[in-house]
Amino acid sequence: MKEKWNLKRLIFNISSLVDLGQEVTSSKGFNDKMKTTLYVVTGMFSVPKAALFLYNSNSHNLELLTHKGLREIDGTSLYVRAKHIKIFKKNEPYNISEIKDNSFCEHNGGAFKKLQTKTFIPLFAKDEFVGAITLGKRLARGSYLPSEKDVLKVIANQMAITLHNSNLFKKLTNKVTENKKLYENMRHIYHDTIQAFAAAIDAKDVYTKNHSYRVARYAVAIAREIGWEGRDIEGIYVAGLLHDIGKIIIDRGVINKGEELNTMEISEIKRHPQISYDILSKIKFPWKDVVYFVKHHHERVDGKGYPDSLAETELSDGVKILALADAFDAMTTDRPYRGKLSLFDALREVKKCLGTQFDEKISKVFFRVLQKEIKGEIKEAQILPHLDKDFDPAIITTLLEAITAELTA
Ligand SMILES: [Fe+2]
């Protein structure tokens with residue numbers, strides 16, 4: 001009879017363990033998973049009241065995670081110190097009267113009473129103390145048989161591993177959030193530094209105040225229109241801000257000379273894209289190809305640009321965008337050796353230089369985006385706010401439509 005009962009018990013325990021295994025590995029949220037696991041345990045051993053605690057290594061307390069059959073115990077915590085953890089046997093069920101350390105029992109006497117604790121199981125994952133289970137009075141029998149204690153130990157071990165993994169996951173998530181914040185801070189610092197650099201570049205050239213800023217904006221407008229997004233947009237913006245950084249090294253007298261430059265001075269000025277590249281290539285930018293956009297912003301599609309006289313096929317869209325944005329701003333602002341062109345004349349000049357200085361596809365996009373900005377079809381206009389307001393929108397629109405029609409024909 002007793003054997004039959006033991007067999008029944010054993011089958012019950014095994015099926016409960018299977019249930020428990022399924023719970024622990026289920027895709028439920030962590031709290032739900034732990035709650036159901038505790039329910040399986042209490043069902044298995046006929047314990048109507050139980051609680052599960054998580055160890056907080058900062059407060060050195062066991063904090064209530066979930067419970068069953070108890071009332072008004074929210075916020076209950078258990079006092080535990082290193083000396084207690086040291087004497088606990090891993091995942092071993094204790095009758096609380098067996099716990100020898102007085103300070104542990106004294107501090108937790110009140111809480112144990114509220115929790116109606118009879119059995120205390122410290123949870124360890126490998127050597128790390130991660131939490132504890134408290135079990136109340138059993139309905140069927142008082143003490144646990146050695147075989148039941150073994151089953152309890154197996155369950156405690158499972159629960160400890162789950163708690164441990166959850167802790168690791170939380171730590172990892174915190175680390176990721178922290179790193180994300182650090183990255184965001186770094187980006188801000190990066191941007192501020194780059195803006196400061198751009199201001200320094202533009203300050204050197206009295207005629208081109210805010211030139212880098214406008215080039216960056218124009219380049220962003222074109223890049224967005226051809227479908228660039230996110231980091232690529234950031235990259236072209238930064239390239240726009242820094243494209244003339246090499247001018248920092250060029251003689252101020254040459255840059256601001258009010259008359260036509262001689263051959264020597266022209267070759268001096270033409271050094272600046274290479275110098276820009278030399279300076280910037282020492283920086284590990286988080287954006288792709290910034291240094292190449294900068295180095296080649298004076299290249300042309302007919303291969304007559306500098307410093308490398310690259311062929312059209314060797315020029316990326318980024319380079320073509322920056323070259324156009326730079327030249328367009330140069331045309332529409334005063335220079336030491338000539339006055340600025342009107343918007344009408346500048347657009348005709350761009351059209352005239354298609355296939356020689358500028359890329360046709362990119363220029364078409366530029367005409368289109370400017371048209372959209374004039375019509376108010378773009379929420380955040382990037383070009384229009386920086387142009388002189390003395391043009392007639394109707395005339396410019398007609399011109400842009402004519403150019404576009406001619407290019408499409
Ligand atoms: Fe330049």
# chains A, B, ... in the order shown; residues from 1 in each chain; ligands from 1

$ residues_around --residues "Lys89 in chain A" --least-positions-apart "5" --cutoff "10 Å" --atoms "only C-alpha atoms" --output "count of residues only"
5

$ residues_around --residues "Asn102 in chain A" --least-positions-apart "6" --cutoff "12 Å" --atoms "only C-alpha atoms" --output "PyMOL selection string"
chain A and resi 80+83-84+96+108-109

$ closest_residue --among "A:His211, A:Arg252, A:Lys352, A:Arg217" --to "ligand 1" --atoms "only C-alpha atoms and all ligand atoms"
A:His211

$ residues_near_ligand --ligand "ligand 1" --cutoff "8 Å" --atoms "only C-alpha atoms and all ligand atoms" --output "PyMOL selection string"
chain A and resi 243-244+272-273+297-298+326

$ write_last_selection --atoms "C-alpha atoms" --output "compact mmCIF listing (two decimals), in the first residue's frame"
# COMPACT_ATOMS: atom_id res chain seq x y z
CA HIS A 243 34.80 70.54 -46.72
CA ASP A 244 36.99 73.66 -46.63
CA HIS A 272 42.92 72.90 -49.74
CA PRO A 273 40.85 69.76 -50.59
CA HIS A 297 34.46 68.42 -53.70
CA HIS A 298 36.34 70.23 -56.51
CA ASP A 326 29.60 74.23 -52.88

$ residues_around --residues "Ile73 in chain A" --least-positions-apart "5" --cutoff "9 Å" --atoms "only C-alpha atoms" --output "PDB file with N, CA and C atoms, in the first residue's frame"
ATOM      1  N   LEU A  64      10.644  41.219  -2.054  1.00  0.00           N
ATOM      2  CA  LEU A  64       9.533  40.373  -2.492  1.00  0.00           C
ATOM      3  C   LEU A  64       9.305  40.493  -3.997  1.00  0.00           C
ATOM      4  N   HIS A  67       4.124  36.174  -4.656  1.00  0.00           N
ATOM      5  CA  HIS A  67       3.701  35.321  -3.530  1.00  0.00           C
ATOM      6  C   HIS A  67       2.393  34.634  -3.863  1.00  0.00           C
ATOM      7  N   ALA A 111       8.825  39.530   9.859  1.00  0.00           N
ATOM      8  CA  ALA A 111       8.476  39.229   8.456  1.00  0.00           C
ATOM      9  C   ALA A 111       8.057  37.761   8.317  1.00  0.00           C
ATOM     10  N   LYS A 114       4.532  37.384   9.410  1.00  0.00           N
ATOM     11  CA  LYS A 114       3.587  37.880   8.402  1.00  0.00           C
ATOM     12  C   LYS A 114       3.455  36.907   7.227  1.00  0.00           C
ATOM     13  N   LEU A 115       4.604  36.328   6.867  1.00  0.00           N
ATOM     14  CA  LEU A 115       4.629  35.407   5.710  1.00  0.00           C
ATOM     15  C   LEU A 115       4.212  33.990   6.110  1.00  0.00           C
TER      16      LEU A 115
END

$ residues_around --residues "Ala125 in chain A" --least-positions-apart "6" --cutoff "10 Å" --atoms "only C-alpha atoms" --output "MDAnalysis selection string"
chainID A and resid 90:91 131 156:165

$ closest_atom_pairs --of "range 260-369 of chain A" --to "range 375-399 of chain A" --cutoff "12 Å" --atoms "only C-alpha atoms" --output "Markdown table"
| residue | atom | partner | partner_atom | distance |
| --- | --- | --- | --- | --- |
| A:Ala325 | CA | A:Ile383 | CA | 9.7 |
| A:Phe328 | CA | A:Ile383 | CA | 10.5 |
| A:Asp329 | CA | A:Leu387 | CA | 9.0 |
| A:Ala330 | CA | A:Leu387 | CA | 11.8 |
| A:Met331 | CA | A:Leu387 | CA | 11.2 |
| A:Thr332 | CA | A:Leu387 | CA | 7.6 |
| A:Thr333 | CA | A:Leu387 | CA | 9.0 |
| A:Asp334 | CA | A:Asp388 | CA | 11.6 |
| A:Lys340 | CA | A:Asp388 | CA | 10.4 |
| A:Leu341 | CA | A:Asp388 | CA | 10.5 |
| A:Ser342 | CA | A:Phe391 | CA | 7.8 |
| A:Leu343 | CA | A:Phe391 | CA | 6.9 |
| A:Phe344 | CA | A:Ile396 | CA | 6.3 |
| A:Asp345 | CA | A:Ile396 | CA | 10.0 |
| A:Ala346 | CA | A:Ile396 | CA | 10.9 |
| A:Leu347 | CA | A:Leu399 | CA | 8.4 |
| A:Arg348 | CA | A:Leu399 | CA | 8.4 |
| A:Lys351 | CA | A:Leu399 | CA | 10.5 |
| A:Phe366 | CA | A:Ile383 | CA | 9.7 |
| A:Phe367 | CA | A:Thr397 | CA | 9.6 |
| A:Arg368 | CA | A:Thr397 | CA | 10.0 |
| A:Val369 | CA | A:Ile378 | CA | 8.2 |

$ select_by_dssp --residues "range 48-272 of chain A" --states "strand (DSSP E)" --output "ChimeraX atom specification"
/A:50-56,61-68,77-79,94-95,119-125,128-135

$ closest_atom_pairs --of "range 133-180 of chain A" --to "range 38-46 of chain A" --cutoff "10 Å" --atoms "only C-alpha atoms" --output "Markdown table"
| residue | atom | partner | partner_atom | distance |
| --- | --- | --- | --- | --- |
| A:Ile133 | CA | A:Leu38 | CA | 8.7 |
| A:Leu135 | CA | A:Thr42 | CA | 7.9 |
| A:Gly136 | CA | A:Thr42 | CA | 9.2 |
| A:Lys137 | CA | A:Ser46 | CA | 8.6 |
| A:Arg138 | CA | A:Ser46 | CA | 5.6 |
| A:Leu139 | CA | A:Ser46 | CA | 5.6 |
| A:Ala140 | CA | A:Ser46 | CA | 6.4 |
| A:Arg141 | CA | A:Ser46 | CA | 8.6 |
| A:Tyr144 | CA | A:Phe45 | CA | 8.8 |
| A:Glu148 | CA | A:Phe45 | CA | 8.3 |
| A:Val151 | CA | A:Met44 | CA | 9.9 |
| A:Leu152 | CA | A:Val41 | CA | 8.2 |
| A:Ile155 | CA | A:Val41 | CA | 7.9 |
| A:Ala156 | CA | A:Val41 | CA | 9.5 |
| A:Met159 | CA | A:Leu38 | CA | 9.1 |

$ write_last_selection --atoms "N, CA and C atoms" --output "PDB file, in the first residue's frame"
ATOM      1  N   ILE A 133      13.110  31.379  -1.234  1.00  0.00           N
ATOM      2  CA  ILE A 133      11.679  31.036  -1.228  1.00  0.00           C
ATOM      3  C   ILE A 133      11.287  30.827   0.229  1.00  0.00           C
ATOM      4  N   LEU A 135       8.206  29.086   2.446  1.00  0.00           N
ATOM      5  CA  LEU A 135       7.013  28.234   2.323  1.00  0.00           C
ATOM      6  C   LEU A 135       6.296  28.201   3.665  1.00  0.00           C
ATOM      7  N   GLY A 136       4.962  28.248   3.618  1.00  0.00           N
ATOM      8  CA  GLY A 136       4.170  28.184   4.849  1.00  0.00           C
ATOM      9  C   GLY A 136       3.935  26.742   5.280  1.00  0.00           C
ATOM     10  N   LYS A 137       2.943  26.584   6.122  1.00  0.00           N
ATOM     11  CA  LYS A 137       2.625  25.263   6.677  1.00  0.00           C
ATOM     12  C   LYS A 137       2.042  24.362   5.588  1.00  0.00           C
ATOM     13  N   ARG A 138       2.432  23.083   5.629  1.00  0.00           N
ATOM     14  CA  ARG A 138       1.880  22.133   4.652  1.00  0.00           C
ATOM     15  C   ARG A 138       0.495  21.689   5.102  1.00  0.00           C
ATOM     16  N   LEU A 139      -0.366  21.423   4.150  1.00  0.00           N
ATOM     17  CA  LEU A 139      -1.717  20.942   4.503  1.00  0.00           C
ATOM     18  C   LEU A 139      -1.678  19.455   4.863  1.00  0.00           C
ATOM     19  N   ALA A 140      -0.975  18.684   4.051  1.00  0.00           N
ATOM     20  CA  ALA A 140      -1.018  17.232   4.209  1.00  0.00           C
ATOM     21  C   ALA A 140      -0.159  16.721   5.349  1.00  0.00           C
ATOM     22  N   ARG A 141       1.066  17.102   5.407  1.00  0.00           N
ATOM     23  CA  ARG A 141       1.964  16.599   6.447  1.00  0.00           C
ATOM     24  C   ARG A 141       2.905  17.723   6.899  1.00  0.00           C
ATOM     25  N   TYR A 144       9.130  17.520   5.618  1.00  0.00           N
ATOM     26  CA  TYR A 144       9.372  16.995   4.272  1.00  0.00           C
ATOM     27  C   TYR A 144      10.177  15.699   4.360  1.00  0.00           C
ATOM     28  N   GLU A 148      11.391  14.290  -0.801  1.00  0.00           N
ATOM     29  CA  GLU A 148      10.724  15.554  -1.135  1.00  0.00           C
ATOM     30  C   GLU A 148      11.727  16.717  -1.052  1.00  0.00           C
ATOM     31  N   VAL A 151      13.608  16.803  -4.211  1.00  0.00           N
ATOM     32  CA  VAL A 151      12.838  17.422  -5.303  1.00  0.00           C
ATOM     33  C   VAL A 151      12.840  18.945  -5.123  1.00  0.00           C
ATOM     34  N   LEU A 152      12.625  19.381  -3.881  1.00  0.00           N
ATOM     35  CA  LEU A 152      12.643  20.830  -3.590  1.00  0.00           C
ATOM     36  C   LEU A 152      13.973  21.455  -4.007  1.00  0.00           C
ATOM     37  N   ILE A 155      14.114  21.893  -7.737  1.00  0.00           N
ATOM     38  CA  ILE A 155      13.283  23.033  -8.150  1.00  0.00           C
ATOM     39  C   ILE A 155      13.972  24.357  -7.792  1.00  0.00           C
ATOM     40  N   ALA A 156      14.493  24.400  -6.560  1.00  0.00           N
ATOM     41  CA  ALA A 156      15.164  25.630  -6.102  1.00  0.00           C
ATOM     42  C   ALA A 156      16.315  25.975  -7.043  1.00  0.00           C
ATOM     43  N   MET A 159      14.936  27.478 -10.209  1.00  0.00           N
ATOM     44  CA  MET A 159      14.456  28.849 -10.009  1.00  0.00           C
ATOM     45  C   MET A 159      15.634  29.810  -9.851  1.00  0.00           C
TER      46      MET A 159
END

$ atom_distance --atom1 "CA of Lys86 in chain A" --atom2 "CA of Ser143 in chain A"
25.1 Å

$ atom_distance --atom1 "CA of Ile266 in chain A" --atom2 "CA of Asp251 in chain A"
11.7 Å

$ select_by_dssp --residues "range 206-380 of chain A" --states "helix (DSSP H, G or I)" --output "ChimeraX atom specification"
/A:206-208,211-225,230-242,245-248,252-255,263-269,272-280,290-295,312-314,317-331,343-352,360-374

$ residues_around --residues "Leu261 in chain A" --least-positions-apart "5" --cutoff "12 Å" --atoms "only C-alpha atoms" --output "PDB file with C-alpha atoms, in the first residue's frame"
ATOM      1  CA  GLY A 253      46.053  87.043 -47.892  1.00  0.00           C
ATOM      2  CA  VAL A 254      45.490  84.624 -50.784  1.00  0.00           C
ATOM      3  CA  ILE A 255      42.017  83.613 -49.616  1.00  0.00           C
ATOM      4  CA  ASN A 256      40.819  87.211 -49.247  1.00  0.00           C
ATOM      5  CA  ILE A 266      45.717  79.450 -57.650  1.00  0.00           C
ATOM      6  CA  SER A 267      47.837  76.372 -57.001  1.00  0.00           C
ATOM      7  CA  GLU A 268      48.112  77.407 -53.351  1.00  0.00           C
ATOM      8  CA  ILE A 269      44.298  77.589 -53.055  1.00  0.00           C
ATOM      9  CA  LYS A 270      43.907  74.297 -54.924  1.00  0.00           C
ATOM     10  CA  PRO A 336      36.624  88.904 -53.239  1.00  0.00           C
ATOM     11  CA  TYR A 337      37.161  89.031 -57.008  1.00  0.00           C
ATOM     12  CA  ARG A 338      33.540  89.291 -58.247  1.00  0.00           C
TER      13      ARG A 338
END

$ residues_around --residues "Gly110 in chain A" --least-positions-apart "3" --cutoff "12 Å" --atoms "only C-alpha atoms" --output "list of chain:residue names"
A:Ile73, A:Thr76, A:Ser77, A:Leu78, A:Tyr79, A:Phe104, A:Cys105, A:Glu106, A:His107, A:Lys113, A:Lys114, A:Leu115, A:Gln116, A:Thr117

$ atom_distance --atom1 "CA of Val350 in chain A" --atom2 "CA of Lys320 in chain A"
12.8 Å

$ closest_residue --among "A:Ile236, A:Ser57, A:Ser309, A:Ala50" --to "Arg71 in chain A" --atoms "only C-alpha atoms"
A:Ala50

$ residues_around --residues "range 228-231 of chain A" --least-positions-apart "3" --cutoff "12 Å" --atoms "only C-alpha atoms" --output "PyMOL selection string"
chain A and resi 187+219-225+234-238+285-290+317-318+321

$ write_last_selection --atoms "N, CA, C and O atoms" --output "PDB file, in the first residue's frame"
ATOM      1  N   ARG A 187      27.780  62.027 -29.723  1.00  0.00           N
ATOM      2  CA  ARG A 187      27.307  62.629 -30.973  1.00  0.00           C
ATOM      3  C   ARG A 187      27.116  64.126 -30.825  1.00  0.00           C
ATOM      4  O   ARG A 187      27.483  64.895 -31.697  1.00  0.00           O
ATOM      5  N   ALA A 219      23.443  70.475 -49.434  1.00  0.00           N
ATOM      6  CA  ALA A 219      23.785  69.068 -49.682  1.00  0.00           C
ATOM      7  C   ALA A 219      22.736  68.147 -49.038  1.00  0.00           C
ATOM      8  O   ALA A 219      22.313  67.154 -49.651  1.00  0.00           O
ATOM      9  N   VAL A 220      22.294  68.489 -47.836  1.00  0.00           N
ATOM     10  CA  VAL A 220      21.266  67.686 -47.157  1.00  0.00           C
ATOM     11  C   VAL A 220      19.974  67.681 -47.978  1.00  0.00           C
ATOM     12  O   VAL A 220      19.330  66.647 -48.161  1.00  0.00           O
ATOM     13  N   ALA A 221      19.613  68.863 -48.511  1.00  0.00           N
ATOM     14  CA  ALA A 221      18.370  68.957 -49.294  1.00  0.00           C
ATOM     15  C   ALA A 221      18.411  68.017 -50.496  1.00  0.00           C
ATOM     16  O   ALA A 221      17.449  67.288 -50.757  1.00  0.00           O
ATOM     17  N   ILE A 222      19.544  68.018 -51.197  1.00  0.00           N
ATOM     18  CA  ILE A 222      19.654  67.160 -52.391  1.00  0.00           C
ATOM     19  C   ILE A 222      19.669  65.684 -51.983  1.00  0.00           C
ATOM     20  O   ILE A 222      18.972  64.845 -52.569  1.00  0.00           O
ATOM     21  N   ALA A 223      20.472  65.383 -50.955  1.00  0.00           N
ATOM     22  CA  ALA A 223      20.603  63.983 -50.516  1.00  0.00           C
ATOM     23  C   ALA A 223      19.248  63.418 -50.076  1.00  0.00           C
ATOM     24  O   ALA A 223      18.897  62.284 -50.414  1.00  0.00           O
ATOM     25  N   ARG A 224      18.477  64.218 -49.342  1.00  0.00           N
ATOM     26  CA  ARG A 224      17.145  63.761 -48.895  1.00  0.00           C
ATOM     27  C   ARG A 224      16.259  63.479 -50.096  1.00  0.00           C
ATOM     28  O   ARG A 224      15.534  62.489 -50.129  1.00  0.00           O
ATOM     29  N   GLU A 225      16.336  64.363 -51.077  1.00  0.00           N
ATOM     30  CA  GLU A 225      15.475  64.232 -52.261  1.00  0.00           C
ATOM     31  C   GLU A 225      15.805  62.960 -53.043  1.00  0.00           C
ATOM     32  O   GLU A 225      14.923  62.357 -53.637  1.00  0.00           O
ATOM     33  N   GLU A 234      23.442  62.622 -42.034  1.00  0.00           N
ATOM     34  CA  GLU A 234      24.374  63.228 -41.073  1.00  0.00           C
ATOM     35  C   GLU A 234      25.765  63.357 -41.686  1.00  0.00           C
ATOM     36  O   GLU A 234      26.439  64.365 -41.528  1.00  0.00           O
ATOM     37  N   GLY A 235      26.170  62.305 -42.397  1.00  0.00           N
ATOM     38  CA  GLY A 235      27.504  62.275 -43.012  1.00  0.00           C
ATOM     39  C   GLY A 235      27.695  63.395 -44.018  1.00  0.00           C
ATOM     40  O   GLY A 235      28.702  64.111 -43.987  1.00  0.00           O
ATOM     41  N   ILE A 236      26.723  63.584 -44.909  1.00  0.00           N
ATOM     42  CA  ILE A 236      26.873  64.616 -45.952  1.00  0.00           C
ATOM     43  C   ILE A 236      26.811  66.010 -45.302  1.00  0.00           C
ATOM     44  O   ILE A 236      27.479  66.945 -45.746  1.00  0.00           O
ATOM     45  N   TYR A 237      26.027  66.114 -44.219  1.00  0.00           N
ATOM     46  CA  TYR A 237      25.936  67.394 -43.497  1.00  0.00           C
ATOM     47  C   TYR A 237      27.308  67.755 -42.899  1.00  0.00           C
ATOM     48  O   TYR A 237      27.793  68.882 -43.065  1.00  0.00           O
ATOM     49  N   VAL A 238      27.927  66.754 -42.258  1.00  0.00           N
ATOM     50  CA  VAL A 238      29.250  66.981 -41.659  1.00  0.00           C
ATOM     51  C   VAL A 238      30.289  67.279 -42.750  1.00  0.00           C
ATOM     52  O   VAL A 238      31.124  68.178 -42.589  1.00  0.00           O
ATOM     53  N   PHE A 285      35.615  59.013 -38.090  1.00  0.00           N
ATOM     54  CA  PHE A 285      34.218  59.475 -38.104  1.00  0.00           C
ATOM     55  C   PHE A 285      33.243  58.311 -38.039  1.00  0.00           C
ATOM     56  O   PHE A 285      33.504  57.257 -38.619  1.00  0.00           O
ATOM     57  N   PRO A 286      32.118  58.528 -37.336  1.00  0.00           N
ATOM     58  CA  PRO A 286      31.117  57.458 -37.342  1.00  0.00           C
ATOM     59  C   PRO A 286      30.284  57.448 -38.623  1.00  0.00           C
ATOM     60  O   PRO A 286      29.350  56.691 -38.744  1.00  0.00           O
ATOM     61  N   TRP A 287      30.607  58.360 -39.555  1.00  0.00           N
ATOM     62  CA  TRP A 287      29.843  58.424 -40.812  1.00  0.00           C
ATOM     63  C   TRP A 287      30.720  57.974 -41.968  1.00  0.00           C
ATOM     64  O   TRP A 287      31.908  58.295 -42.021  1.00  0.00           O
ATOM     65  N   LYS A 288      30.076  57.295 -42.906  1.00  0.00           N
ATOM     66  CA  LYS A 288      30.788  56.703 -44.041  1.00  0.00           C
ATOM     67  C   LYS A 288      31.255  57.774 -45.044  1.00  0.00           C
ATOM     68  O   LYS A 288      30.513  58.702 -45.337  1.00  0.00           O
ATOM     69  N   ASP A 289      32.457  57.617 -45.522  1.00  0.00           N
ATOM     70  CA  ASP A 289      32.953  58.369 -46.701  1.00  0.00           C
ATOM     71  C   ASP A 289      33.056  59.889 -46.571  1.00  0.00           C
ATOM     72  O   ASP A 289      33.282  60.565 -47.581  1.00  0.00           O
ATOM     73  N   VAL A 290      32.899  60.428 -45.358  1.00  0.00           N
ATOM     74  CA  VAL A 290      32.979  61.889 -45.183  1.00  0.00           C
ATOM     75  C   VAL A 290      34.276  62.435 -45.788  1.00  0.00           C
ATOM     76  O   VAL A 290      34.273  63.427 -46.515  1.00  0.00           O
ATOM     77  N   ASP A 317      27.825  59.701 -55.616  1.00  0.00           N
ATOM     78  CA  ASP A 317      26.741  60.691 -55.510  1.00  0.00           C
ATOM     79  C   ASP A 317      27.077  61.744 -54.456  1.00  0.00           C
ATOM     80  O   ASP A 317      26.800  62.928 -54.649  1.00  0.00           O
ATOM     81  N   GLY A 318      27.680  61.314 -53.345  1.00  0.00           N
ATOM     82  CA  GLY A 318      28.032  62.242 -52.260  1.00  0.00           C
ATOM     83  C   GLY A 318      28.960  63.337 -52.749  1.00  0.00           C
ATOM     84  O   GLY A 318      28.790  64.523 -52.433  1.00  0.00           O
ATOM     85  N   ILE A 321      27.081  65.686 -55.105  1.00  0.00           N
ATOM     86  CA  ILE A 321      26.174  66.549 -54.335  1.00  0.00           C
ATOM     87  C   ILE A 321      26.953  67.705 -53.716  1.00  0.00           C
ATOM     88  O   ILE A 321      26.582  68.874 -53.812  1.00  0.00           O
TER      89      ILE A 321
END
